[in-house]
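S.K.: Let me give you the structure first, and then I'll get to my questions.
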Amino acid sequence: MLFICAITIYPIWYVLVNSLNDGVDAMRGGIYWWPREFTLENYKAVFETPGIVTSFGVTIAKTVIGTITHVFFTAMVAYAISRRDLYGRNFYMLVGVITMFFSGGLIPYFLLIRDLGLFDNFLVYIIPTMFNFFHLIIFVSFFRELPTSLEEAAKIDGANDFMIFIKVIIPLSMPVIATIALFQGVYQWNDYFAGVIFVNNPDLQPIQTYLYKVVAESSSNQMMTNAAGSIATKTVTSQSIKLATMVVTTLPIMLVYPFLQKYFVKGMLIGSVKG
Amino acid sequence: MVEPTKKEKYKKIKKTIISQKYLQVMALLGVVWMFIFNYIPMYGLIIAFKEYSIIKTISEAPWVGLMQFKEFFQDENFWIVLKNTLGISLIKLIIGFPLPIIFALLLNELTSMKLKKAVQTISYLPHFISWVVLGGILTTWLADIGVLNDILLGLGLISERTNFLAEPDNFWAIVILSDIWKELGWSAIIYLAAIAGVSPELYESSTIDGANRFQKMWHVTLPSIRPTITILFILAVSGVLNSNFDQILILRNSLNESASNVIDIYVYQMGLQNARYSYATAVGLLKAIIAFILLLSANKIVKKLNGTSLF
């Protein structure tokens, strides 16, 4: 067990240590446990590269907006479908279940996004990810467990179904909302592919796409070299900036997830077993 | 009792729908979304049987029958792509599927709650790291000046530095091991939750019968979580051909192409980089058909073996 923990955590530690070390010195290798020449220059360089800062902004915006719209929209549809008295419920479920097993695949999806005019448009991160049928099932099984008497009481007070959803159901559903928000938040934060295929404008590029171009296309290491060159001190290398960017990209999620842990364990169980 | 006439029935349905107008709108918004983002692409699959180009609409493009499929079968890449897709997927299934179960069983045996919690927290940490960042870590570690070379040289296992990602022979191992590294803890969550649901009475009675810890694991825990294992296995088989596009897209390079070119990568290259939309769609459709057959067969086999199945 301890061995598994060690090999799990060490690569992450290694990146952190090397990103905190002087870039030129790190090229000599041999830094395994602690930084040899501690410096924050790499991080300074990351934040002084204009492209990276913009990409960060895009990532934060797409994660926040994308997660909120996803949770709200998916939960709303799920609430309607979770009501046993809804006319046409079975048909709506069937429409959804089919999408779990059949899809058009990459190319027809790409053509659709192009025809919808979502190319080079910030909304490409939001609208196509607003809904997920698997998450809907998790919501539905949670809503089923809620006592119906509260809904009835609200109805007598004159609330319509939409108001009941907003005022009664959402406040009662925080555990499942936290679970789905975590799933979707991680997805939005980590997704790079939409940025690769649907966006050419560098100002709309998320940080993961930026990093992808650095990691996967060695030719664009040029980008990093330029970034490094613009800084007066010569202690920063393209490699050390790459590591620092990786740390900055991953850190926000690392900080959030231990707090949400108790929620997602429960959420996984509801979703997978009944789904 | 008087049978309600058709007219009365319609009236009743109309009344129900009107009384649920908010709910109906809420549900229909979801259906509209699915129609646009799921069903229109399914219709778009027909370009696999056409010669689609950017200047024509889908319906204007001329029919070409199975031409695109024939071309793929005759393509020199066909066997390479098929071998890589099936090879990586099957090994991943054989090694990657049982490991989380074993991990969850072992974790369940830990008596210290604190230690258990710590191991869990650490083991699903990598799940939250994107493949882009992991790709960055892997390219750093596996490079000729990287850590793995340092270790292997230090142990005297290799005599000169190599760039592991540049060699096709290593590629499958890298992909499979790094995938297990990333997802082991996360995949174990569901089994742990299932194990937590096993009735303690079963353990008590097996203790009275004199079972040791290993026997309890084998005769009580495993049979109890069998339905969960079954369903996850069927899902794993149906998803097996999606041999982690994200991961391979990042780790592949021109030197390891003979081992890293899988169907998804090929579709991406042909369709989006070379703009051969119809051809790439046909290749993708072929993959979907194989995956669907796999799903049905896995479901059937499992149903015969132990009665539980997905549908």
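A note on labels: chains of the structure tokens are A, B, ... as shown, every chain counts residues from 1, and ligands are counted from 1 in their shown order.
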For chain B, report every residue with an atom at most 7 Å from chain A (counting only C-alpha atoms), formatted as a ChimeraX atom specification.

M.R.: /B:17,22-23,26-27,30-31,37-38,41-42,44-45,119,122-123,128-130,132-133,135-136,181,189-190,193,228,250,271,277,280-281,284

S.K.: Take the selection from the previous step and output its residues with N, CA and C atoms, as a short mmCIF file (atom, residue, chain, number, x, y, z; two decimals), in the first residue's frame.

M.R.:
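File written: part-v2.cif
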data_model
loop_
_atom_site.label_atom_id
_atom_site.label_comp_id
_atom_site.auth_asym_id
_atom_site.auth_seq_id
_atom_site.Cartn_x
_atom_site.Cartn_y
_atom_site.Cartn_z
N ILE B 17 -50.94 17.52 -19.94
CA ILE B 17 -49.79 18.26 -20.43
C ILE B 17 -49.87 19.73 -20.03
N TYR B 22 -44.80 23.57 -17.18
CA TYR B 22 -43.41 23.91 -16.81
C TYR B 22 -42.50 22.71 -16.90
N LEU B 23 -42.99 21.58 -16.35
CA LEU B 23 -42.19 20.36 -16.39
C LEU B 23 -41.91 19.95 -17.83
N MET B 26 -39.25 22.06 -19.34
CA MET B 26 -37.95 21.71 -18.78
C MET B 26 -37.40 20.44 -19.42
N ALA B 27 -38.25 19.42 -19.57
CA ALA B 27 -37.79 18.17 -20.15
C ALA B 27 -37.48 18.34 -21.63
N GLY B 30 -34.10 19.62 -22.69
CA GLY B 30 -33.09 18.56 -22.73
C GLY B 30 -33.17 17.75 -24.01
N VAL B 31 -34.40 17.46 -24.43
CA VAL B 31 -34.57 16.67 -25.66
C VAL B 31 -34.06 17.47 -26.87
N PHE B 37 -27.15 17.96 -30.45
CA PHE B 37 -25.76 17.54 -30.25
C PHE B 37 -25.54 16.03 -30.32
N ASN B 38 -26.59 15.23 -30.24
CA ASN B 38 -26.41 13.79 -30.36
C ASN B 38 -27.02 13.22 -31.64
N PRO B 41 -25.44 14.65 -35.29
CA PRO B 41 -24.24 13.91 -35.70
C PRO B 41 -24.52 12.48 -36.15
N MET B 42 -25.53 11.82 -35.56
CA MET B 42 -25.85 10.47 -36.02
C MET B 42 -26.33 10.52 -37.48
N GLY B 44 -25.39 12.74 -39.50
CA GLY B 44 -24.17 13.08 -40.24
C GLY B 44 -23.35 11.87 -40.64
N LEU B 45 -23.60 10.73 -39.97
CA LEU B 45 -22.86 9.51 -40.33
C LEU B 45 -23.06 9.10 -41.77
N VAL B 119 -4.35 6.49 2.13
CA VAL B 119 -4.03 5.74 0.91
C VAL B 119 -5.03 6.10 -0.19
N ILE B 122 -4.48 9.63 -1.66
CA ILE B 122 -3.32 9.69 -2.55
C ILE B 122 -3.59 8.91 -3.83
N SER B 123 -4.25 7.75 -3.70
CA SER B 123 -4.37 6.91 -4.89
C SER B 123 -5.28 7.52 -5.96
N PHE B 128 -7.14 13.37 -11.20
CA PHE B 128 -7.51 14.77 -11.39
C PHE B 128 -6.47 15.54 -12.20
N ILE B 129 -5.38 14.88 -12.54
CA ILE B 129 -4.37 15.54 -13.36
C ILE B 129 -4.69 15.28 -14.82
N SER B 130 -4.62 16.29 -15.64
CA SER B 130 -4.98 16.10 -17.05
C SER B 130 -3.91 15.28 -17.77
N VAL B 132 -2.64 16.08 -20.44
CA VAL B 132 -1.64 17.00 -20.96
C VAL B 132 -0.47 17.13 -19.98
N VAL B 133 -0.81 17.35 -18.70
CA VAL B 133 0.24 17.49 -17.70
C VAL B 133 0.98 16.17 -17.52
N GLY B 135 1.31 13.88 -19.74
CA GLY B 135 2.15 13.73 -20.93
C GLY B 135 3.46 14.49 -20.73
N GLY B 136 3.35 15.68 -20.15
CA GLY B 136 4.54 16.47 -19.86
C GLY B 136 5.46 15.75 -18.90
N TRP B 181 -1.57 3.70 -13.71
CA TRP B 181 -1.07 4.64 -12.68
C TRP B 181 -2.09 5.74 -12.43
N ILE B 189 -12.80 3.08 -6.33
CA ILE B 189 -13.83 3.71 -5.48
C ILE B 189 -15.13 2.92 -5.50
N ILE B 190 -15.56 2.61 -6.70
CA ILE B 190 -16.86 1.97 -6.86
C ILE B 190 -16.89 0.59 -6.19
N ALA B 193 -17.06 1.10 -2.45
CA ALA B 193 -18.41 1.44 -2.03
C ALA B 193 -19.28 0.19 -2.00
N THR B 228 -21.72 -5.85 -9.27
CA THR B 228 -21.00 -4.62 -9.63
C THR B 228 -19.89 -4.94 -10.63
N ILE B 250 -1.18 12.65 -27.02
CA ILE B 250 -0.09 13.39 -26.42
C ILE B 250 1.23 12.63 -26.48
N GLY B 271 -9.39 12.91 -40.93
CA GLY B 271 -10.54 13.80 -41.00
C GLY B 271 -10.18 15.25 -40.77
N TYR B 277 -13.23 14.10 -44.88
CA TYR B 277 -14.33 13.88 -43.95
C TYR B 277 -15.03 12.54 -44.13
N ALA B 280 -12.81 9.47 -43.13
CA ALA B 280 -12.63 9.38 -41.67
C ALA B 280 -13.92 8.96 -40.98
N THR B 281 -15.05 9.44 -41.47
CA THR B 281 -16.33 9.06 -40.87
C THR B 281 -16.58 7.57 -41.05
N GLY B 284 -14.48 5.72 -38.58
CA GLY B 284 -15.06 5.85 -37.25
C GLY B 284 -16.31 5.01 -37.08
#

S.K.: Find the residues around Ile101 (chain B) up to 9 Å (only C-alpha atoms counted), leave out those fewer than 5 positions away in its own chain, and share them as JSON, numbers by chain.

M.R.: {"B": [106, 187, 188, 191, 192, 229]}

S.K.: Could you go through region 49-265 of chain A and tell me which residues DSSP, when run on the backbone, assigns to helix (DSSP H, G or I), listing them as number ranges by chain?

M.R.: A: 50-82, 89-101, 106-115, 122-125, 127-129, 133-145, 148-156, 161-172, 174-190, 193-198, 202-204, 207-216, 218-229, 238-265

S.K.: Between CA of Trp186 (chain B) and CA of Tyr124 (chain B), what is the distance, to one decimal in Å?

M.R.: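 Between CA of Trp186 (chain B) and CA of Tyr124 (chain B) the gap works out to 5.0 Å.
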
S.K.: Smallest atom-to-atom distance to Val64 (chain A): which of A:Gly195, A:Asn21, A:Leu182, A:Ser240, using only C-alpha atoms?

M.R.: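 The answer is A:Leu182, which sits nearest to Val64 (chain A).
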